[in-house]
$ cat query08.txt   # compact mmCIF, C-alpha atoms and all ligand atoms
# COMPACT_ATOMS: atom_id res chain seq x y z
CA MET A 1 3.89 -60.83 -21.42
CA SER A 2 6.57 -61.54 -18.89
CA ARG A 3 10.24 -60.79 -19.27
CA VAL A 4 13.02 -62.49 -17.39
CA TRP A 5 16.18 -60.96 -15.95
CA ASN A 6 18.51 -61.93 -18.77
CA PHE A 7 22.18 -62.14 -17.76
CA SER A 8 23.32 -63.61 -21.08
CA ALA A 9 26.82 -62.77 -22.30
CA GLY A 10 25.50 -62.45 -25.83
CA PRO A 11 23.25 -62.20 -27.71
CA ALA A 12 22.13 -60.22 -24.73
CA VAL A 13 19.43 -58.10 -23.18
CA LEU A 14 18.32 -55.03 -25.17
CA PRO A 15 16.41 -51.99 -23.93
CA VAL A 16 12.68 -52.73 -23.68
CA GLU A 17 11.91 -49.26 -24.93
CA VAL A 18 13.89 -49.94 -28.12
CA LEU A 19 12.36 -53.37 -28.67
CA GLN A 20 8.94 -51.74 -28.37
CA GLU A 21 9.89 -49.01 -30.83
CA ALA A 22 11.09 -51.59 -33.35
CA ALA A 23 7.87 -53.54 -32.82
CA ASP A 24 5.79 -50.41 -33.43
CA GLU A 25 7.64 -49.76 -36.69
CA MET A 26 7.70 -53.39 -37.81
CA LEU A 27 4.88 -53.15 -40.35
CA ASP A 28 5.17 -49.54 -41.41
CA TYR A 29 8.42 -47.64 -40.93
CA LYS A 30 7.56 -43.96 -40.62
CA GLY A 31 4.80 -43.98 -43.22
CA SER A 32 6.83 -45.85 -45.86
CA GLY A 33 4.18 -48.59 -45.89
CA MET A 34 6.78 -51.30 -45.25
CA GLY A 35 9.05 -52.59 -42.54
CA VAL A 36 12.81 -51.92 -42.50
CA MET A 37 13.47 -55.62 -43.24
CA GLU A 38 11.52 -55.28 -46.48
CA MET A 39 13.08 -52.20 -47.97
CA SER A 40 15.88 -51.77 -50.47
CA HIS A 41 19.19 -50.82 -48.94
CA ARG A 42 19.54 -48.46 -51.93
CA SER A 43 16.37 -46.54 -51.08
CA LYS A 44 16.32 -42.98 -49.80
CA VAL A 45 14.54 -44.06 -46.65
CA TYR A 46 17.19 -46.68 -45.82
CA ASP A 47 19.98 -44.28 -46.70
CA ASN A 48 18.66 -41.98 -43.99
CA ILE A 49 18.60 -44.84 -41.50
CA ILE A 50 22.24 -45.85 -42.01
CA LYS A 51 23.49 -42.24 -42.21
CA GLU A 52 21.67 -41.33 -39.00
CA ALA A 53 23.01 -44.41 -37.24
CA GLU A 54 26.55 -43.41 -38.20
CA ALA A 55 26.01 -39.78 -37.20
CA ASP A 56 24.57 -40.77 -33.82
CA LEU A 57 27.43 -43.18 -33.17
CA ARG A 58 29.90 -40.42 -34.03
CA THR A 59 28.18 -38.13 -31.53
CA LEU A 60 28.09 -40.77 -28.79
CA LEU A 61 31.76 -41.68 -29.07
CA ASN A 62 32.96 -38.29 -30.24
CA ILE A 63 34.64 -40.01 -33.19
CA PRO A 64 37.22 -37.77 -34.89
CA ASP A 65 36.60 -36.91 -38.57
CA ASN A 66 39.64 -38.83 -39.72
CA TYR A 67 38.07 -42.13 -38.65
CA LYS A 68 35.78 -44.22 -40.85
CA VAL A 69 32.78 -45.98 -39.34
CA LEU A 70 31.87 -49.25 -41.02
CA PHE A 71 28.89 -51.53 -40.43
CA LEU A 72 29.97 -54.97 -41.59
CA GLN A 73 28.96 -58.62 -41.38
CA GLY A 74 30.64 -61.78 -40.18
CA GLY A 75 30.90 -60.93 -36.50
CA ALA A 76 34.06 -60.46 -34.53
CA HIS A 77 35.45 -63.73 -35.91
CA THR A 78 35.74 -62.29 -39.41
CA GLN A 79 37.70 -59.37 -37.96
CA PHE A 80 40.21 -61.86 -36.55
CA ALA A 81 41.20 -62.48 -40.20
CA MET A 82 40.42 -59.10 -41.78
CA ILE A 83 42.74 -57.25 -39.42
CA PRO A 84 45.94 -59.11 -40.38
CA MET A 85 44.89 -59.34 -44.05
CA ASN A 86 44.55 -55.56 -44.25
CA PHE A 87 47.11 -54.25 -41.79
CA LEU A 88 50.15 -56.53 -41.95
CA HIS A 89 52.47 -54.62 -44.28
CA LYS A 90 55.79 -55.23 -42.53
CA GLY A 91 54.45 -58.67 -41.75
CA LYS A 92 54.66 -58.52 -37.97
CA ALA A 93 52.23 -57.71 -35.16
CA GLY A 94 52.02 -58.11 -31.40
CA TYR A 95 49.07 -59.66 -29.57
CA ILE A 96 48.25 -59.50 -25.87
CA VAL A 97 46.46 -62.71 -25.01
CA THR A 98 44.05 -62.11 -22.13
CA GLY A 99 41.33 -64.61 -22.94
CA ASN A 100 39.69 -66.92 -25.39
CA TRP A 101 38.79 -64.26 -27.95
CA ALA A 102 42.26 -62.71 -27.94
CA LYS A 103 43.73 -66.18 -28.32
CA LYS A 104 41.49 -66.97 -31.27
CA ALA A 105 42.44 -63.66 -32.91
CA PHE A 106 46.12 -64.44 -32.26
CA ASN A 107 45.88 -67.91 -33.78
CA GLU A 108 43.99 -66.64 -36.81
CA ALA A 109 46.51 -63.85 -37.43
CA LYS A 110 49.36 -66.39 -37.45
CA LYS A 111 48.12 -67.53 -40.86
CA TYR A 112 49.17 -64.19 -42.32
CA GLY A 113 52.45 -63.19 -40.72
CA ASP A 114 54.89 -63.19 -37.86
CA ILE A 115 52.64 -62.80 -34.84
CA VAL A 116 54.26 -62.25 -31.46
CA LYS A 117 52.53 -63.04 -28.17
CA LEU A 118 53.53 -59.94 -26.19
CA ALA A 119 51.97 -61.03 -22.91
CA SER A 120 49.45 -63.54 -21.65
CA SER A 121 47.46 -64.26 -18.52
CA GLU A 122 46.77 -67.87 -19.45
CA ASP A 123 49.00 -69.09 -16.57
CA LYS A 124 46.19 -68.17 -14.15
CA THR A 125 43.18 -69.01 -16.33
CA PHE A 126 43.03 -65.45 -17.68
CA SER A 127 41.93 -64.11 -14.29
CA TYR A 128 43.98 -60.91 -14.55
CA ILE A 129 45.36 -58.37 -17.01
CA PRO A 130 49.15 -58.64 -17.33
CA ASP A 131 51.45 -55.68 -16.75
CA CYS A 132 51.62 -53.98 -20.15
CA SER A 133 53.91 -51.07 -19.28
CA ASP A 134 57.03 -52.46 -20.95
CA LEU A 135 56.24 -55.14 -23.48
CA PRO A 136 58.68 -56.52 -26.09
CA ILE A 137 57.19 -54.29 -28.79
CA THR A 138 59.48 -53.53 -31.73
CA ASP A 139 59.42 -50.86 -34.46
CA ASP A 140 58.85 -53.47 -37.16
CA MET A 141 55.38 -54.29 -35.83
CA ASP A 142 52.38 -53.06 -37.79
CA TYR A 143 50.06 -53.02 -34.79
CA VAL A 144 49.43 -54.18 -31.26
CA TYR A 145 46.19 -56.06 -30.62
CA ILE A 146 44.11 -56.34 -27.47
CA CYS A 147 40.71 -57.67 -26.45
CA GLU A 148 39.72 -54.86 -24.13
CA ASN A 149 36.96 -56.58 -22.17
CA ASN A 150 37.27 -60.33 -21.81
CA THR A 151 33.69 -61.53 -21.98
CA ILE A 152 34.35 -65.09 -20.83
CA PHE A 153 36.81 -64.41 -18.01
CA GLY A 154 35.44 -61.05 -16.81
CA THR A 155 38.58 -58.92 -16.99
CA LYS A 156 38.97 -55.46 -18.49
CA PHE A 157 41.95 -53.32 -19.47
CA TRP A 158 41.46 -50.28 -17.21
CA GLU A 159 44.69 -48.86 -18.58
CA LEU A 160 45.73 -49.26 -22.19
CA PRO A 161 49.05 -50.99 -22.88
CA ASN A 162 52.11 -48.89 -23.59
CA THR A 163 52.44 -49.67 -27.30
CA LYS A 164 55.66 -47.69 -27.69
CA GLY A 165 54.15 -45.67 -30.52
CA ILE A 166 52.78 -48.65 -32.45
CA ASP A 167 49.13 -48.48 -33.56
CA LEU A 168 46.64 -50.11 -31.20
CA ILE A 169 43.71 -52.27 -32.36
CA SER A 170 41.02 -53.20 -29.85
CA ASP A 171 38.25 -55.77 -29.83
CA MET A 172 35.65 -53.92 -27.74
CA SER A 173 32.78 -56.30 -28.46
CA SER A 174 31.65 -56.67 -24.87
CA CYS A 175 32.34 -53.17 -23.53
CA PHE A 176 31.44 -51.09 -26.59
CA LEU A 177 29.35 -48.03 -25.62
CA SER A 178 29.46 -48.99 -21.94
CA GLU A 179 31.58 -45.91 -21.17
CA PRO A 180 33.21 -43.00 -23.01
CA VAL A 181 36.37 -43.85 -24.99
CA ASP A 182 39.08 -41.63 -26.45
CA VAL A 183 38.92 -42.99 -30.00
CA SER A 184 42.09 -41.11 -31.00
CA LYS A 185 44.16 -43.47 -28.83
CA TYR A 186 43.30 -46.33 -31.17
CA ALA A 187 44.07 -47.12 -34.78
CA MET A 188 41.00 -49.29 -34.88
CA ILE A 189 38.15 -50.29 -32.58
CA TYR A 190 35.69 -52.98 -33.47
CA ALA A 191 32.72 -54.60 -31.80
CA GLY A 192 30.22 -57.29 -32.60
CA ALA A 193 26.80 -55.80 -31.98
CA GLN A 194 25.19 -58.66 -30.10
CA LYS A 195 26.87 -57.98 -26.77
CA ASN A 196 25.87 -54.43 -25.94
CA VAL A 197 24.40 -52.77 -29.00
CA GLY A 198 21.92 -54.75 -31.03
CA PRO A 199 21.16 -57.96 -32.88
CA ALA A 200 23.85 -60.42 -33.97
CA GLY A 201 24.82 -59.97 -37.59
CA VAL A 202 26.43 -56.55 -37.39
CA VAL A 203 30.02 -55.75 -36.52
CA ILE A 204 31.00 -52.11 -36.15
CA CYS A 205 34.51 -51.04 -37.15
CA ILE A 206 35.99 -47.61 -36.43
CA ILE A 207 39.25 -47.22 -38.35
CA ARG A 208 41.69 -44.35 -38.74
CA GLU A 209 41.38 -43.42 -42.38
CA ASP A 210 45.07 -43.32 -43.26
CA LEU A 211 45.42 -46.99 -42.26
CA ILE A 212 42.90 -48.34 -44.72
CA PRO A 213 45.01 -49.99 -47.43
CA GLU A 214 44.63 -50.22 -51.19
CA GLU A 215 43.99 -53.72 -52.51
CA LYS A 216 47.64 -54.07 -53.58
CA ASP A 217 48.74 -53.53 -49.99
CA CYS A 218 46.46 -56.20 -48.54
CA PHE A 219 47.56 -59.79 -48.05
CA PRO A 220 47.74 -61.41 -51.53
CA GLY A 221 44.37 -62.80 -52.49
CA THR A 222 42.36 -60.98 -49.82
CA PRO A 223 38.74 -61.36 -50.94
CA THR A 224 36.97 -58.17 -52.04
CA MET A 225 34.50 -58.53 -49.18
CA LEU A 226 37.36 -58.61 -46.67
CA GLN A 227 38.96 -55.34 -47.78
CA TYR A 228 38.10 -52.41 -45.53
CA LYS A 229 38.61 -49.99 -48.41
CA VAL A 230 35.82 -51.55 -50.45
CA HIS A 231 33.37 -50.97 -47.60
CA ALA A 232 34.75 -47.57 -46.64
CA ASP A 233 34.47 -46.29 -50.23
CA ALA A 234 30.88 -47.53 -50.45
CA GLY A 235 29.71 -46.17 -47.08
CA SER A 236 29.07 -49.74 -45.86
CA LEU A 237 26.76 -50.30 -48.84
CA TYR A 238 29.06 -52.25 -51.16
CA ASN A 239 26.91 -55.33 -50.73
CA THR A 240 23.54 -55.67 -49.02
CA PRO A 241 24.45 -54.86 -45.43
CA PRO A 242 22.78 -56.39 -42.36
CA ALA A 243 20.17 -53.71 -42.91
CA TYR A 244 17.72 -54.48 -40.14
CA GLY A 245 20.49 -54.97 -37.59
CA ILE A 246 22.00 -51.59 -38.45
CA TYR A 247 18.57 -49.97 -38.07
CA PHE A 248 18.20 -51.56 -34.64
CA CYS A 249 21.69 -50.43 -33.58
CA GLY A 250 20.63 -46.94 -34.66
CA LEU A 251 17.62 -47.09 -32.33
CA VAL A 252 19.94 -48.13 -29.49
CA PHE A 253 22.27 -45.21 -30.27
CA LYS A 254 19.29 -42.84 -29.98
CA TRP A 255 18.26 -44.50 -26.70
CA LEU A 256 21.78 -43.91 -25.36
CA LEU A 257 21.73 -40.27 -26.49
CA ARG A 258 18.32 -39.73 -24.85
CA ASN A 259 19.59 -41.24 -21.62
CA GLY A 260 22.60 -39.01 -21.12
CA GLY A 261 25.14 -40.62 -23.45
CA LEU A 262 28.13 -42.66 -22.40
CA GLU A 263 29.07 -40.67 -19.28
CA ALA A 264 25.68 -41.47 -17.79
CA MET A 265 25.95 -45.06 -18.96
CA LYS A 266 29.32 -45.46 -17.27
CA GLU A 267 27.93 -44.18 -13.96
CA LYS A 268 25.05 -46.62 -14.17
CA ASN A 269 27.34 -49.50 -15.09
CA ILE A 270 29.67 -48.74 -12.17
CA ALA A 271 26.73 -48.60 -9.75
CA LYS A 272 25.32 -51.87 -11.09
CA ALA A 273 28.56 -53.82 -10.96
CA LYS A 274 29.21 -52.51 -7.45
CA VAL A 275 26.01 -54.13 -6.21
CA LEU A 276 27.26 -57.55 -7.30
CA TYR A 277 30.97 -57.17 -6.51
CA ASP A 278 30.32 -55.67 -3.06
CA TYR A 279 28.16 -58.65 -2.26
CA LEU A 280 30.73 -61.14 -3.62
CA ASP A 281 33.40 -59.51 -1.44
CA SER A 282 31.22 -59.53 1.67
CA GLN A 283 30.74 -63.29 2.14
CA ASP A 284 32.45 -66.56 1.29
CA PHE A 285 29.82 -68.81 -0.16
CA TYR A 286 30.49 -67.42 -3.66
CA HIS A 287 33.88 -66.40 -5.01
CA GLY A 288 34.62 -63.90 -7.76
CA THR A 289 37.28 -65.39 -10.04
CA VAL A 290 38.96 -62.18 -11.19
CA VAL A 291 41.69 -60.11 -9.55
CA PRO A 292 39.56 -57.21 -8.18
CA LYS A 293 41.46 -54.39 -9.87
CA ASP A 294 40.95 -55.97 -13.31
CA ARG A 295 37.23 -56.68 -12.94
CA SER A 296 34.93 -55.99 -15.87
CA LEU A 297 31.80 -53.92 -15.33
CA MET A 298 30.03 -55.98 -17.98
CA ASN A 299 30.77 -59.64 -17.22
CA ALA A 300 31.16 -60.97 -13.69
CA PRO A 301 32.15 -64.62 -13.31
CA PHE A 302 31.83 -66.30 -9.92
CA VAL A 303 31.91 -69.82 -8.53
CA ILE A 304 30.70 -71.74 -5.50
CA GLY A 305 33.41 -74.35 -5.86
CA ASP A 306 31.01 -77.30 -5.86
CA LYS A 307 29.73 -78.41 -9.27
CA ASP A 308 26.50 -79.88 -7.95
CA LEU A 309 25.63 -76.74 -6.02
CA GLU A 310 26.49 -74.61 -9.05
CA ALA A 311 24.13 -76.68 -11.22
CA LYS A 312 21.46 -76.30 -8.55
CA PHE A 313 22.08 -72.56 -8.40
CA ILE A 314 21.71 -72.16 -12.16
CA LYS A 315 18.52 -74.18 -12.21
CA GLU A 316 16.88 -72.49 -9.24
CA ALA A 317 17.93 -69.08 -10.54
CA ALA A 318 16.27 -69.82 -13.87
CA ASP A 319 13.12 -70.99 -12.10
CA ALA A 320 13.11 -67.68 -10.23
CA GLY A 321 13.44 -65.71 -13.49
CA PHE A 322 17.23 -65.10 -13.60
CA VAL A 323 18.40 -66.69 -16.83
CA ASN A 324 21.63 -67.39 -18.70
CA LEU A 325 23.78 -67.37 -15.57
CA LYS A 326 25.75 -70.47 -16.54
CA GLY A 327 29.44 -69.66 -17.00
CA HIS A 328 31.16 -70.29 -20.33
CA LYS A 329 31.97 -73.94 -20.93
CA ILE A 330 35.70 -73.16 -20.54
CA THR A 331 35.32 -71.68 -17.05
CA GLY A 332 32.32 -73.44 -15.56
CA GLY A 333 30.65 -71.77 -12.59
CA MET A 334 28.44 -68.76 -13.15
CA ARG A 335 28.66 -65.49 -15.00
CA ALA A 336 26.37 -62.50 -14.76
CA SER A 337 26.59 -60.17 -17.74
CA MET A 338 25.30 -56.70 -16.94
CA TYR A 339 25.22 -54.79 -20.20
CA ASN A 340 23.77 -51.30 -20.68
CA ALA A 341 20.20 -52.57 -21.00
CA MET A 342 20.27 -54.44 -17.66
CA PRO A 343 18.71 -52.16 -15.07
CA ILE A 344 20.21 -51.97 -11.57
CA GLU A 345 16.98 -53.52 -10.25
CA GLY A 346 17.91 -56.73 -12.08
CA VAL A 347 21.29 -56.93 -10.35
CA GLU A 348 19.78 -56.08 -6.97
CA ALA A 349 17.19 -58.82 -7.43
CA LEU A 350 19.94 -61.27 -8.43
CA VAL A 351 21.93 -60.47 -5.28
CA GLU A 352 18.81 -61.03 -3.16
CA PHE A 353 18.38 -64.40 -4.84
CA MET A 354 22.05 -65.22 -4.23
CA LYS A 355 21.70 -64.39 -0.52
CA LYS A 356 18.68 -66.63 -0.20
CA PHE A 357 20.38 -69.48 -2.06
CA ALA A 358 23.49 -69.14 0.10
CA ALA A 359 21.45 -69.22 3.29
CA GLU A 360 19.59 -72.35 2.16
CA ASN A 361 22.69 -74.19 0.97
CA GLN A 362 25.42 -73.10 3.37
CA LYS A 363 27.38 -76.09 4.63
C1 LIG B 1 31.45 -62.63 -28.45
C2 LIG B 1 32.80 -62.11 -28.69
C3 LIG B 1 33.51 -62.42 -29.86
C4 LIG B 1 32.96 -63.35 -30.92
O1 LIG B 1 31.89 -62.77 -31.57
P1 LIG B 1 31.22 -63.44 -32.87
O2 LIG B 1 30.22 -62.44 -33.27
O3 LIG B 1 30.65 -64.74 -32.44
O4 LIG B 1 32.29 -63.59 -33.89
C5 LIG B 1 34.75 -61.84 -30.03
N1 LIG B 1 35.27 -61.01 -29.13
C6 LIG B 1 34.63 -60.71 -27.98
C7 LIG B 1 35.26 -59.78 -26.99
C8 LIG B 1 33.37 -61.24 -27.73
O5 LIG B 1 32.74 -60.93 -26.59
$ encode --input "query08.txt" --output "C-alpha cells" --more "lines below"
Ligand SMILES: *Cc1c(COP(=O)(O)O)cnc(C)c1O
Amino acid sequence: MSRVWNFSAGPAVLPVEVLQEAADEMLDYKGSGMGVMEMSHRSKVYDNIIKEAEADLRTLLNIPDNYKVLFLQGGAHTQFAMIPMNFLHKGKAGYIVTGNWAKKAFNEAKKYGDIVKLASSEDKTFSYIPDCSDLPITDDMDYVYICENNTIFGTKFWELPNTKGIDLISDMSSCFLSEPVDVSKYAMIYAGAQKNVGPAGVVICIIREDLIPEEKDCFPGTPTMLQYKVHADAGSLYNTPPAYGIYFCGLVFKWLLRNGGLEAMKEKNIAKAKVLYDYLDSQDFYHGTVVPKDRSLMNAPFVIGDKDLEAKFIKEAADAGFVNLKGHKITGGMRASMYNAMPIEGVEALVEFMKKFAAENQK
C-alpha cells in the first residue's frame, strides 16, 4: 500500500490510525457480529456510538450544556437554507461576504427575508477579511452570519466581528476542530464533516437551545426535515442519520482527545502552516494570494503567475506524490489544504518539492 500526500480541500485527508481502526471494525464492530454500516440506528449498540460521539465532541469543544449538538445530512449547503428558515423571525439578517461559501449562503437566505450584506471582500477577490469592528448592524436583525474560514480563498477571521449584541452564526466547515473555540460566543456553529472531521454526508450543528424554534415560528412551509427542533427532540435520530459517517466522526473525536485535544492541534496547525508561509514569504517564484494577517492555517492558496508553469507544477507535484494541489476553479493557481490529519512531514516535503521546482523553472 502506498499513500500520497493529500492536500485536498475536501473531502480531505483523514488520520491513518482512524482509517485503520475503522477497517479493523468493518466486519465485526466490537463483537456485535456486524459492521456499523449494517446495524439499525435504533439498536443499543448504535445508540452508544452516537451518544459517545456527542459526548466526546462536547469534551473537545467544551460545549456548554445549553447548546444542542445535532448530526444532520445535506452538507453545508442545506444549512444555507435551514438557517434562514428557522431563525428569521423579524425577517432580517446580516451577512458578511468573505468568499464563495458566504456568498452562496447570502444568496440562499435572500429567498426567505431581508438579507443585508454587511461587508464584503469581493473587491479584491476575497483575499482579505474586511474590518468588522463597526458594521451597519441593526437591532431588527435576527442574526449575523459569517464563514469563519474561507476554504477557497484561504482567509480566516482571527477576530470575530462586533455584532453589536446580535446572535452570531458561523460556518466553520473548514476550520472545525482545528483549534479551541469559545462556543458561548456563538448562537450557532456548523460544519460539514468532509473538510476536517470525517466522511462527507454528515453536517454537525451546535445550536444554543433557546434559539431552536417551534414549527409555527419557522418560515411557512419549512419541511419537517429542515426544522432543527425535530432533530433536537429526537437526538439526531428522527430519520435514519448518516450512521456510518457519525461513527467515523466519533473515531476522529477520540483520536483528537488521545492526541492532546484542540490546544495541541492548534499548536501543530500553526507549526505546519508556518513551514509553508515562511517559505512563500522567503522567495518570489511563488506568491501567496492572501493578506498575511488574514491567512488561514488550513487552506493556503498560492500562484506562480504563469498558467503553463502552474499546470506543470500541479502535474509534476502529483507525479511526485503531492496530490490535489490545484486551486479552486474560481481562483486558479494552487492551494494546499493542511487539515488536522496532514502531518508536518507532508508540508515539509511539499516545500522541498516547491524549492526544487522553482530552481528548475526559474526564469
Ligand atoms: C466545502 C464547504 C461548504 C460546502 O459544503 P457541502 O458539504 O458541499 O455543502 C460550505 N462552507 C464551507 C466553509 C466549505 O468549506
$ residues_around --input "query08.txt" --residues "A:Glu17" --least-positions-apart "6" --cutoff "12 Å" --atoms "all atoms listed in the file" --output "number ranges by chain"
A: 23-24, 248, 251-252, 254-256, 258-259, 341
$ closest_atom_pairs --input "query08.txt" --of "chain A" --to "ligand LIG 1 (chain B)" --cutoff "10 Å" --atoms "all atoms listed in the file" --output "tab-separated table"
residue	atom	partner	partner_atom	distance
A:Ala9	CA	B:LIG1	O5	7.5
A:Gly10	CA	B:LIG1	C1	6.5
A:Pro11	CA	B:LIG1	C1	8.2
A:Gln73	CA	B:LIG1	O2	9.1
A:Gly74	CA	B:LIG1	O4	6.8
A:Gly75	CA	B:LIG1	O2	3.6
A:Ala76	CA	B:LIG1	O4	3.7
A:His77	CA	B:LIG1	O4	3.8
A:Thr78	CA	B:LIG1	O4	6.6
A:Gln79	CA	B:LIG1	O4	8.0
A:Phe80	CA	B:LIG1	C5	8.5
A:Gly99	CA	B:LIG1	C7	8.8
A:Asn100	CA	B:LIG1	N1	8.3
A:Trp101	CA	B:LIG1	N1	4.9
A:Ala102	CA	B:LIG1	N1	7.3
A:Lys103	CA	B:LIG1	N1	9.9
A:Lys104	CA	B:LIG1	C5	8.6
A:Ala105	CA	B:LIG1	C5	8.4
A:Ile146	CA	B:LIG1	C7	9.5
A:Cys147	CA	B:LIG1	C7	5.9
A:Glu148	CA	B:LIG1	C7	7.2
A:Asn149	CA	B:LIG1	C7	6.0
A:Asn150	CA	B:LIG1	C7	5.6
A:Thr151	CA	B:LIG1	O5	4.7
A:Ile152	CA	B:LIG1	O5	7.3
A:Ser170	CA	B:LIG1	C7	9.2
A:Asp171	CA	B:LIG1	C7	5.8
A:Met172	CA	B:LIG1	C7	5.9
A:Ser173	CA	B:LIG1	C7	4.5
A:Ser174	CA	B:LIG1	O5	4.7
A:Cys175	CA	B:LIG1	C7	8.0
A:Phe176	CA	B:LIG1	C7	9.5
A:Tyr190	CA	B:LIG1	N1	9.1
A:Ala191	CA	B:LIG1	N1	7.4
A:Gly192	CA	B:LIG1	O2	5.2
A:Ala193	CA	B:LIG1	O2	7.6
A:Gln194	CA	B:LIG1	O2	7.0
A:Lys195	CA	B:LIG1	O5	6.6
A:Asn196	CA	B:LIG1	O5	9.5
A:Ala200	CA	B:LIG1	O2	6.7
A:Gly201	CA	B:LIG1	O2	7.3
A:Val202	CA	B:LIG1	O2	8.1
A:Val203	CA	B:LIG1	O2	7.4
A:Asn299	CA	B:LIG1	O5	9.7
$ write_last_selection --input "query08.txt" --atoms "C-alpha atoms" --output "PDB file, in the frame of the given file"
ATOM      1  CA  ALA A   9      26.820 -62.770 -22.300  1.00  0.00           C
ATOM      2  CA  GLY A  10      25.500 -62.450 -25.830  1.00  0.00           C
ATOM      3  CA  PRO A  11      23.250 -62.200 -27.710  1.00  0.00           C
ATOM      4  CA  GLN A  73      28.960 -58.620 -41.380  1.00  0.00           C
ATOM      5  CA  GLY A  74      30.640 -61.780 -40.180  1.00  0.00           C
ATOM      6  CA  GLY A  75      30.900 -60.930 -36.500  1.00  0.00           C
ATOM      7  CA  ALA A  76      34.060 -60.460 -34.530  1.00  0.00           C
ATOM      8  CA  HIS A  77      35.450 -63.730 -35.910  1.00  0.00           C
ATOM      9  CA  THR A  78      35.740 -62.290 -39.410  1.00  0.00           C
ATOM     10  CA  GLN A  79      37.700 -59.370 -37.960  1.00  0.00           C
ATOM     11  CA  PHE A  80      40.210 -61.860 -36.550  1.00  0.00           C
ATOM     12  CA  GLY A  99      41.330 -64.610 -22.940  1.00  0.00           C
ATOM     13  CA  ASN A 100      39.690 -66.920 -25.390  1.00  0.00           C
ATOM     14  CA  TRP A 101      38.790 -64.260 -27.950  1.00  0.00           C
ATOM     15  CA  ALA A 102      42.260 -62.710 -27.940  1.00  0.00           C
ATOM     16  CA  LYS A 103      43.730 -66.180 -28.320  1.00  0.00           C
ATOM     17  CA  LYS A 104      41.490 -66.970 -31.270  1.00  0.00           C
ATOM     18  CA  ALA A 105      42.440 -63.660 -32.910  1.00  0.00           C
ATOM     19  CA  ILE A 146      44.110 -56.340 -27.470  1.00  0.00           C
ATOM     20  CA  CYS A 147      40.710 -57.670 -26.450  1.00  0.00           C
ATOM     21  CA  GLU A 148      39.720 -54.860 -24.130  1.00  0.00           C
ATOM     22  CA  ASN A 149      36.960 -56.580 -22.170  1.00  0.00           C
ATOM     23  CA  ASN A 150      37.270 -60.330 -21.810  1.00  0.00           C
ATOM     24  CA  THR A 151      33.690 -61.530 -21.980  1.00  0.00           C
ATOM     25  CA  ILE A 152      34.350 -65.090 -20.830  1.00  0.00           C
ATOM     26  CA  SER A 170      41.020 -53.200 -29.850  1.00  0.00           C
ATOM     27  CA  ASP A 171      38.250 -55.770 -29.830  1.00  0.00           C
ATOM     28  CA  MET A 172      35.650 -53.920 -27.740  1.00  0.00           C
ATOM     29  CA  SER A 173      32.780 -56.300 -28.460  1.00  0.00           C
ATOM     30  CA  SER A 174      31.650 -56.670 -24.870  1.00  0.00           C
ATOM     31  CA  CYS A 175      32.340 -53.170 -23.530  1.00  0.00           C
ATOM     32  CA  PHE A 176      31.440 -51.090 -26.590  1.00  0.00           C
ATOM     33  CA  TYR A 190      35.690 -52.980 -33.470  1.00  0.00           C
ATOM     34  CA  ALA A 191      32.720 -54.600 -31.800  1.00  0.00           C
ATOM     35  CA  GLY A 192      30.220 -57.290 -32.600  1.00  0.00           C
ATOM     36  CA  ALA A 193      26.800 -55.800 -31.980  1.00  0.00           C
ATOM     37  CA  GLN A 194      25.190 -58.660 -30.100  1.00  0.00           C
ATOM     38  CA  LYS A 195      26.870 -57.980 -26.770  1.00  0.00           C
ATOM     39  CA  ASN A 196      25.870 -54.430 -25.940  1.00  0.00           C
ATOM     40  CA  ALA A 200      23.850 -60.420 -33.970  1.00  0.00           C
ATOM     41  CA  GLY A 201      24.820 -59.970 -37.590  1.00  0.00           C
ATOM     42  CA  VAL A 202      26.430 -56.550 -37.390  1.00  0.00           C
ATOM     43  CA  VAL A 203      30.020 -55.750 -36.520  1.00  0.00           C
ATOM     44  CA  ASN A 299      30.770 -59.640 -17.220  1.00  0.00           C
TER      45      ASN A 299
END
$ closest_residue --input "query08.txt" --among "A:Ile129, A:Leu309, A:Ala81, A:Ile212" --to "A:Glu360" --atoms "all atoms listed in the file"
A:Leu309
$ closest_residue --input "query08.txt" --among "A:Phe253, A:Phe153, A:Tyr145, A:Phe7" --to "A:Ser121" --atoms "all atoms listed in the file"
A:Phe153
$ closest_atom_pairs --input "query08.txt" --of "stretch 41-98 of chain A" --to "stretch 225-244 of chain A" --cutoff "6 Å" --atoms "only C-alpha atoms" --output "JSON lines"
{"residue": "A:Leu70", "atom": "CA", "partner": "A:Ser236", "partner_atom": "CA", "distance": 5.6}
{"residue": "A:Phe71", "atom": "CA", "partner": "A:Ser236", "partner_atom": "CA", "distance": 5.7}
{"residue": "A:Met82", "atom": "CA", "partner": "A:Leu226", "partner_atom": "CA", "distance": 5.8}
$ residues_around --input "query08.txt" --residues "A:Glu352" --least-positions-apart "4" --cutoff "12 Å" --atoms "only C-alpha atoms" --output "ChimeraX atom specification"
/A:275-276,279-280,317,320,322,345-348,356-359
$ atom_distance --input "query08.txt" --atom1 "atom CA of A:Ile304" --atom2 "atom CA of A:Val291"
16.5 Å
